[in-house]
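What follows is the content of work_18.txt, which has compact mmCIF, C-alpha atoms:
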```txt
# COMPACT_ATOMS: atom_id res chain seq x y z
CA MET A 1 -36.43 -9.24 -12.17
CA ALA A 2 -37.19 -12.91 -12.75
CA GLN A 3 -40.21 -14.75 -11.41
CA GLY A 4 -40.39 -15.26 -7.68
CA GLY A 5 -38.35 -12.12 -6.96
CA VAL A 6 -35.01 -13.67 -7.99
CA HIS A 7 -32.73 -11.25 -9.81
CA CYS A 8 -31.36 -12.19 -13.23
CA VAL A 9 -27.68 -13.17 -13.36
CA LYS A 10 -25.44 -10.21 -14.18
CA GLN A 11 -22.67 -10.84 -16.69
CA GLY A 12 -20.13 -8.22 -15.55
CA ILE A 13 -17.18 -9.09 -13.30
CA ILE A 14 -16.44 -7.59 -9.87
CA VAL A 15 -12.71 -6.94 -9.33
CA LEU A 16 -11.48 -6.83 -5.74
CA GLY A 17 -8.67 -4.29 -5.65
CA ALA A 18 -8.03 -0.92 -7.27
CA SER A 19 -4.25 -0.51 -7.34
CA GLY A 20 -1.63 -1.21 -10.00
CA HIS A 21 -2.22 -4.96 -10.09
CA ALA A 22 -5.97 -4.38 -10.46
CA LYS A 23 -5.30 -2.11 -13.45
CA VAL A 24 -3.40 -4.89 -15.21
CA VAL A 25 -6.15 -7.38 -14.42
CA ILE A 26 -8.89 -5.08 -15.71
CA GLU A 27 -7.05 -4.69 -19.00
CA LEU A 28 -6.52 -8.46 -19.24
CA LEU A 29 -10.21 -9.10 -18.69
CA ARG A 30 -11.14 -6.53 -21.32
CA GLU A 31 -8.74 -8.14 -23.79
CA MET A 32 -10.58 -11.40 -23.13
CA GLY A 33 -13.84 -9.71 -24.11
CA GLU A 34 -15.12 -9.44 -20.55
CA ARG A 35 -16.77 -6.45 -18.87
CA VAL A 36 -15.70 -5.19 -15.44
CA ASP A 37 -18.64 -3.43 -13.79
CA PHE A 38 -17.21 -2.53 -10.38
CA CYS A 39 -14.05 -2.64 -8.31
CA TRP A 40 -14.09 -3.06 -4.56
CA ALA A 41 -11.39 -1.53 -2.35
CA ASP A 42 -10.72 0.34 0.89
CA LYS A 43 -11.48 3.70 -0.71
CA SER A 44 -13.96 4.85 -3.33
CA GLY A 45 -13.19 6.45 -6.69
CA THR A 46 -12.46 4.96 -10.10
CA CYS A 47 -9.89 2.56 -11.55
CA LEU A 48 -9.39 2.71 -15.32
CA GLY A 49 -12.88 4.17 -15.54
CA VAL A 50 -14.44 1.45 -13.38
CA PRO A 51 -16.38 2.69 -10.29
CA VAL A 52 -14.70 1.66 -7.04
CA LEU A 53 -16.96 0.74 -4.12
CA GLU A 54 -15.86 0.80 -0.49
CA GLY A 55 -17.17 -1.52 2.21
CA ASP A 56 -18.23 -5.16 2.59
CA VAL A 57 -21.89 -4.20 2.27
CA HIS A 58 -21.38 -3.58 -1.43
CA LEU A 59 -20.14 -7.12 -2.11
CA GLU A 60 -23.15 -8.54 -0.34
CA ARG A 61 -25.49 -6.21 -2.24
CA LEU A 62 -23.95 -6.98 -5.63
CA ARG A 63 -24.29 -10.70 -5.00
CA ARG A 64 -27.96 -10.25 -4.07
CA GLU A 65 -28.47 -8.25 -7.27
CA GLY A 66 -27.25 -11.17 -9.34
CA TYR A 67 -23.54 -10.62 -9.83
CA SER A 68 -21.87 -14.01 -9.66
CA ARG A 69 -18.30 -13.61 -10.98
CA ALA A 70 -15.32 -12.00 -9.27
CA PHE A 71 -11.57 -11.69 -9.51
CA VAL A 72 -9.29 -10.90 -6.56
CA ALA A 73 -6.69 -8.50 -7.97
CA VAL A 74 -4.47 -7.98 -4.93
CA GLY A 75 -0.71 -8.49 -5.09
CA SER A 76 -0.24 -9.70 -1.51
CA ASN A 77 -0.48 -13.49 -1.51
CA ALA A 78 -1.94 -13.70 1.99
CA VAL A 79 -4.53 -10.97 1.42
CA ARG A 80 -5.50 -12.45 -1.95
CA ALA A 81 -6.15 -15.83 -0.35
CA ARG A 82 -8.17 -14.26 2.48
CA LEU A 83 -10.34 -12.17 0.17
CA SER A 84 -10.97 -15.14 -2.07
CA ASP A 85 -12.40 -17.02 0.90
CA THR A 86 -14.69 -14.06 1.57
CA VAL A 87 -16.11 -13.82 -1.95
CA ARG A 88 -16.52 -17.57 -2.24
CA ARG A 89 -18.52 -17.63 0.99
CA LEU A 90 -20.77 -14.97 -0.53
CA GLY A 91 -21.37 -17.26 -3.51
CA PHE A 92 -19.15 -15.67 -6.15
CA ASP A 93 -17.30 -17.80 -8.68
CA LEU A 94 -13.68 -16.85 -9.33
CA VAL A 95 -12.76 -16.22 -12.96
CA ASN A 96 -9.31 -16.19 -14.58
CA ALA A 97 -7.54 -13.23 -16.15
CA ILE A 98 -5.28 -14.63 -18.87
CA SER A 99 -3.62 -12.51 -21.52
CA PRO A 100 -4.24 -13.50 -25.14
CA HIS A 101 -0.50 -12.89 -25.50
CA ALA A 102 0.46 -15.64 -23.05
CA VAL A 103 1.41 -19.11 -24.34
CA ILE A 104 -0.25 -21.91 -22.38
CA SER A 105 0.09 -25.58 -23.23
CA SER A 106 -3.11 -27.44 -23.97
CA SER A 107 -2.03 -30.04 -21.40
CA ALA A 108 -1.45 -27.51 -18.61
CA ARG A 109 -4.04 -27.31 -15.82
CA ILE A 110 -5.11 -23.89 -14.62
CA GLY A 111 -7.10 -23.29 -11.42
CA LYS A 112 -9.51 -20.47 -10.58
CA GLY A 113 -8.75 -16.84 -9.87
CA VAL A 114 -5.46 -17.14 -11.75
CA ALA A 115 -3.73 -14.20 -13.47
CA ILE A 116 -1.35 -14.92 -16.34
CA MET A 117 0.17 -11.84 -17.90
CA ALA A 118 1.37 -11.01 -21.41
CA GLY A 119 4.47 -12.85 -22.57
CA ALA A 120 4.19 -15.58 -19.94
CA VAL A 121 4.69 -19.21 -20.96
CA VAL A 122 3.24 -22.28 -19.23
CA ASN A 123 4.52 -25.50 -20.75
CA ALA A 124 3.34 -29.11 -20.96
CA GLU A 125 1.50 -30.69 -18.03
CA SER A 126 2.31 -27.93 -15.59
CA VAL A 127 -0.27 -27.14 -12.91
CA ILE A 128 -1.12 -23.59 -11.86
CA ASP A 129 -3.26 -23.70 -8.73
CA ASP A 130 -6.00 -21.27 -7.65
CA LEU A 131 -5.11 -17.59 -7.11
CA ALA A 132 -1.61 -17.84 -8.58
CA ILE A 133 -0.03 -14.98 -10.51
CA VAL A 134 2.30 -15.73 -13.42
CA ASN A 135 3.51 -12.26 -14.17
CA THR A 136 4.77 -10.56 -17.32
CA GLY A 137 7.28 -12.61 -19.28
CA ALA A 138 7.64 -15.37 -16.67
CA THR A 139 8.24 -18.90 -17.98
CA ILE A 140 7.01 -22.09 -16.34
CA ASP A 141 8.49 -25.14 -18.02
CA HIS A 142 7.07 -28.66 -18.24
CA ASP A 143 5.67 -30.59 -15.26
CA CYS A 144 5.93 -27.75 -12.76
CA HIS A 145 3.41 -27.32 -9.94
CA ILE A 146 2.71 -23.75 -8.82
CA GLY A 147 0.76 -23.76 -5.56
CA VAL A 148 -2.23 -21.80 -4.33
CA ALA A 149 -1.72 -18.00 -4.12
CA VAL A 150 1.86 -18.10 -5.40
CA HIS A 151 3.28 -15.05 -7.20
CA VAL A 152 5.85 -15.70 -9.91
CA ALA A 153 7.13 -12.19 -10.63
CA PRO A 154 8.02 -10.74 -14.05
CA GLN A 155 10.81 -12.39 -16.03
CA CYS A 156 11.23 -15.37 -13.69
CA GLY A 157 12.34 -18.60 -15.30
CA LEU A 158 11.37 -21.98 -13.84
CA ALA A 159 12.88 -25.07 -15.42
CA GLY A 160 11.04 -28.40 -15.59
CA ASN A 161 9.63 -30.30 -12.61
CA VAL A 162 9.85 -27.39 -10.16
CA ILE A 163 7.39 -27.41 -7.24
CA VAL A 164 6.46 -24.14 -5.54
CA GLY A 165 4.47 -24.26 -2.29
CA ARG A 166 1.42 -22.27 -1.28
CA GLY A 167 1.77 -18.52 -0.81
CA THR A 168 5.38 -18.29 -2.01
CA PHE A 169 6.76 -15.19 -3.74
CA LEU A 170 9.45 -15.52 -6.41
CA GLY A 171 11.00 -12.07 -6.93
CA ILE A 172 11.50 -10.40 -10.27
CA GLY A 173 13.99 -12.09 -12.56
CA CYS A 174 14.79 -15.06 -10.34
CA ASN A 175 15.54 -18.49 -11.86
CA VAL A 176 15.03 -22.04 -10.60
CA ILE A 177 16.93 -25.07 -11.91
CA PRO A 178 15.13 -28.34 -12.79
CA GLY A 179 13.49 -30.46 -10.13
CA VAL A 180 13.86 -28.08 -7.19
CA ARG A 181 11.16 -28.04 -4.49
CA ILE A 182 10.41 -24.66 -2.91
CA GLY A 183 8.30 -24.74 0.23
CA ALA A 184 5.23 -22.77 1.32
CA GLY A 185 5.45 -19.13 2.36
CA VAL A 186 8.93 -18.70 0.89
CA THR A 187 10.27 -15.38 -0.40
CA VAL A 188 12.99 -15.49 -3.05
CA GLY A 189 14.73 -12.20 -3.72
CA ALA A 190 15.00 -10.47 -7.07
CA GLY A 191 17.55 -11.98 -9.43
CA ALA A 192 18.26 -14.99 -7.22
CA VAL A 193 19.10 -18.41 -8.67
CA VAL A 194 17.55 -21.32 -6.77
CA VAL A 195 19.68 -24.47 -7.05
CA LYS A 196 18.66 -26.31 -3.86
CA PRO A 197 15.36 -26.98 -2.04
CA LEU A 198 14.04 -24.21 0.22
CA ALA A 199 12.14 -25.03 3.40
CA ASP A 200 8.78 -23.48 4.33
CA GLY A 201 8.98 -19.84 5.39
CA THR A 202 12.50 -19.26 4.10
CA LEU A 203 13.77 -15.88 2.87
CA ALA A 204 16.49 -16.58 0.30
CA VAL A 205 18.57 -14.15 -1.74
CA GLY A 206 21.61 -14.17 -4.01
CA VAL A 207 23.35 -16.41 -6.53
CA PRO A 208 23.00 -19.15 -5.56
CA ALA A 209 19.91 -18.42 -3.47
CA THR A 210 20.87 -18.74 0.19
CA PRO A 211 18.63 -18.47 3.26
CA VAL A 212 19.26 -15.15 4.99
CA GLU A 213 19.97 -16.77 8.37
CA GLN A 214 22.69 -18.91 6.76
CA MET A 215 24.27 -15.87 5.15
CA GLY A 216 24.52 -14.28 8.58
CA GLN A 217 26.51 -17.27 9.86
CA ARG A 218 29.27 -16.90 7.26
```
If you took the structure in this file and wrote it as structure tokens, what would it be?
Amino acid sequence: MAQGGVHCVKQGIIVLGASGHAKVVIELLREMGERVDFCWADKSGTCLGVPVLEGDVHLERLRREGYSRAFVAVGSNAVRARLSDTVRRLGFDLVNAISPHAVISSSARIGKGVAIMAGAVVNAESVIDDLAIVNTGATIDHDCHIGVAVHVAPQCGLAGNVIVGRGTFLGIGCNVIPGVRIGAGVTVGAGAVVVKPLADGTLAVGVPATPVEQMGQR
């Protein structure tokens, strides 16, 4: 313990979550040379050998003990955003989990609490905001803007100048043509091809991607 009763800063990371997404994140962090000391979830146990703690009291205790870095490894966009607010209020800093096997332009801007998986590509002057997930093999071309707590699922392909609003989910293998704006809270189904703008809150599926309510009117 340091002078004045203040605990020394701990160097390990606290991962919030203990499911499949958390497993991927733990391995990413280890590949980066980081150490994950604890996971936090709704049930105790272990996750890839990391002790899992249950209950908010543990987050508060770990922060008091000097842990200062956390990663929210939860797949749900809304829950990830909510938990990030919780840990930030407790004084944790959010770290990134970025695979050494991802390709990220030196001119791209990456926020905090971002996960970028193996095989992903982020090209020139794209912006990846806080809490976004760019999943395995997804490609983000030049000048895109991926909003807060967006999930770009595996094998998605976004052409240049695409804008994706906060909390949107792009399903596995979907594609977006250049310059399209996708609103906040949108869900795009697996394998869809987005060729037109999508308004906030839209659920769109198919080739081309069509809002579900419009499909019902055909």
Shell of 8 Å around segment 85-102 of chain A, all atoms listed in the file, local chain residues under 4 positions omitted, as number ranges by chain = A: 25, 28-29, 31-32, 59-60, 63, 67-72, 81, 112-121
So which residues are close to (-1.5, -19.7, -3.9), meaning at most 9 Å away in the file's coordinates with only C-alpha atoms counted, and can you show them as a list in words?
-> Asn77, Ala78, Arg80, Ala81, Ile128, Asp129, Asp130, Leu131, Ala132, Ile133, Ile146, Gly147, Val148, Ala149, Val150, His151, Gly165, Arg166, Gly167 and Thr168 of chain A
Include C-alpha atoms and write out the residues we just selected as a PDB file, in the frame of the given file.
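Contents of the output file selection_8.pdb:
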```pdb
ATOM      1  CA  ASN A  77      -0.480 -13.490  -1.510  1.00  0.00           C
ATOM      2  CA  ALA A  78      -1.940 -13.700   1.990  1.00  0.00           C
ATOM      3  CA  ARG A  80      -5.500 -12.450  -1.950  1.00  0.00           C
ATOM      4  CA  ALA A  81      -6.150 -15.830  -0.350  1.00  0.00           C
ATOM      5  CA  ILE A 128      -1.120 -23.590 -11.860  1.00  0.00           C
ATOM      6  CA  ASP A 129      -3.260 -23.700  -8.730  1.00  0.00           C
ATOM      7  CA  ASP A 130      -6.000 -21.270  -7.650  1.00  0.00           C
ATOM      8  CA  LEU A 131      -5.110 -17.590  -7.110  1.00  0.00           C
ATOM      9  CA  ALA A 132      -1.610 -17.840  -8.580  1.00  0.00           C
ATOM     10  CA  ILE A 133      -0.030 -14.980 -10.510  1.00  0.00           C
ATOM     11  CA  ILE A 146       2.710 -23.750  -8.820  1.00  0.00           C
ATOM     12  CA  GLY A 147       0.760 -23.760  -5.560  1.00  0.00           C
ATOM     13  CA  VAL A 148      -2.230 -21.800  -4.330  1.00  0.00           C
ATOM     14  CA  ALA A 149      -1.720 -18.000  -4.120  1.00  0.00           C
ATOM     15  CA  VAL A 150       1.860 -18.100  -5.400  1.00  0.00           C
ATOM     16  CA  HIS A 151       3.280 -15.050  -7.200  1.00  0.00           C
ATOM     17  CA  GLY A 165       4.470 -24.260  -2.290  1.00  0.00           C
ATOM     18  CA  ARG A 166       1.420 -22.270  -1.280  1.00  0.00           C
ATOM     19  CA  GLY A 167       1.770 -18.520  -0.810  1.00  0.00           C
ATOM     20  CA  THR A 168       5.380 -18.290  -2.010  1.00  0.00           C
TER      21      THR A 168
END
```
With 8 Å on each side, where is the centre of the axis-aligned box around all listed atoms of segment 119-127 of chain A, and how long are its edges in Å to one decimal, as AutoDock Vina command-line options?
```
--center_x 2.2 --center_y -21.8 --center_z -17.7 --size_x 21.0 --size_y 33.8 --size_z 25.7
```
For the atom pair atom CA of Val180 of chain A and atom CA of Glu125 of chain A, what is the interatomic distance in Å to one decimal place?
->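 The value is 16.6 Å.
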A:Val207, A:Val152, A:Val122, A:Val195 ranked by distance to Val134 of chain A, top pick (using only C-alpha atoms) =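 Smallest separation from Val134 of chain A among the options: A:Val152.
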Students should find that atom CA of Arg61 of chain A and atom CA of Ile13 of chain A are spaced 14.1 Å
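The closest residue to Leu158 of chain A, picked from A:Arg82, A:His145, A:Lys23, A:His58 and counting all atoms listed in the file, is A:His145.
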Protein/DNA/RNA residues near (13.2, -24.5, -11.4), cut 6 Å, only C-alpha atoms, as number ranges by chain | A: 158-159, 162, 176-178, 180
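Between Arg30 of chain A and the candidates A:Gly55, A:Gly12, A:Gly206, A:Gly45, the tightest atom-to-atom separation, counting all atoms listed in the file, involves A:Gly12.
The coordinates place atom CA of Gly183 of chain A at 14.1 Å from atom CA of Asn161 of chain A.
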Taking into account only C-alpha atoms, which residue in the set A:Val15, A:Ala184, A:Leu83, A:Val24 is nearest to Asp37 of chain A?
->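 Looking only at the distances to Asp37 of chain A, the closest residue turns out to be A:Val15.
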Pick out the residues sitting within 6 Å of Ala73 of chain A, and hand them over as an MDAnalysis selection string; count only C-alpha atoms, and ignore anything fewer than 5 positions along from it in its own chain.
-> chainID A and resid 16:17 22
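Nearest-residue note for Asp56 of chain A: choosing from A:Val103, A:Ile182, A:Trp40, A:Gly111, the minimum distance belongs to A:Trp40, counting all atoms listed in the file.
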Which residue out of A:Ile14, A:Ala153, A:Val79, A:Leu170 has the minimum interatomic distance to Gly66 of chain A when all atoms listed in the file are used?
->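 For Gly66 of chain A, the nearest of the candidates is A:Ile14.
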What would segment 143-163 of chain A look like with N, CA and C atoms in place, written as a compact mmCIF listing (two decimals), in the frame of the given file?
```txt
# COMPACT_ATOMS: atom_id res chain seq x y z
N ASP A 143 5.86 -29.79 -16.48
CA ASP A 143 5.67 -30.59 -15.26
C ASP A 143 5.94 -29.83 -13.97
N CYS A 144 5.81 -28.53 -13.99
CA CYS A 144 5.93 -27.75 -12.76
C CYS A 144 4.59 -27.75 -12.02
N HIS A 145 4.64 -27.46 -10.74
CA HIS A 145 3.41 -27.32 -9.94
C HIS A 145 3.54 -26.03 -9.14
N ILE A 146 2.72 -25.05 -9.49
CA ILE A 146 2.71 -23.75 -8.82
C ILE A 146 1.52 -23.75 -7.87
N GLY A 147 1.78 -23.59 -6.58
CA GLY A 147 0.76 -23.76 -5.56
C GLY A 147 -0.22 -22.61 -5.45
N VAL A 148 -1.17 -22.78 -4.55
CA VAL A 148 -2.23 -21.80 -4.33
C VAL A 148 -1.63 -20.46 -3.88
N ALA A 149 -2.09 -19.37 -4.50
CA ALA A 149 -1.72 -18.00 -4.12
C ALA A 149 -0.22 -17.75 -4.19
N VAL A 150 0.44 -18.39 -5.12
CA VAL A 150 1.86 -18.10 -5.40
C VAL A 150 1.93 -16.91 -6.35
N HIS A 151 3.00 -16.13 -6.25
CA HIS A 151 3.28 -15.05 -7.20
C HIS A 151 4.64 -15.31 -7.83
N VAL A 152 4.62 -15.58 -9.13
CA VAL A 152 5.85 -15.70 -9.91
C VAL A 152 6.03 -14.36 -10.62
N ALA A 153 6.98 -13.58 -10.19
CA ALA A 153 7.13 -12.19 -10.63
C ALA A 153 7.63 -12.11 -12.08
N PRO A 154 7.60 -10.89 -12.66
CA PRO A 154 8.02 -10.74 -14.05
C PRO A 154 9.42 -11.29 -14.32
N GLN A 155 9.54 -11.92 -15.49
CA GLN A 155 10.81 -12.39 -16.03
C GLN A 155 11.45 -13.52 -15.23
N CYS A 156 10.70 -14.17 -14.35
CA CYS A 156 11.23 -15.37 -13.69
C CYS A 156 11.30 -16.52 -14.69
N GLY A 157 12.23 -17.42 -14.47
CA GLY A 157 12.34 -18.60 -15.30
C GLY A 157 12.41 -19.86 -14.46
N LEU A 158 11.39 -20.72 -14.57
CA LEU A 158 11.37 -21.98 -13.84
C LEU A 158 11.58 -23.11 -14.82
N ALA A 159 12.63 -23.90 -14.59
CA ALA A 159 12.88 -25.07 -15.42
C ALA A 159 11.89 -26.18 -15.08
N GLY A 160 12.02 -27.33 -15.75
CA GLY A 160 11.04 -28.40 -15.59
C GLY A 160 11.02 -29.02 -14.21
N ASN A 161 9.83 -29.52 -13.83
CA ASN A 161 9.63 -30.30 -12.61
C ASN A 161 9.91 -29.51 -11.33
N VAL A 162 9.71 -28.22 -11.37
CA VAL A 162 9.85 -27.39 -10.16
C VAL A 162 8.52 -27.38 -9.42
N ILE A 163 8.57 -27.47 -8.09
CA ILE A 163 7.39 -27.41 -7.24
C ILE A 163 7.51 -26.18 -6.35
```
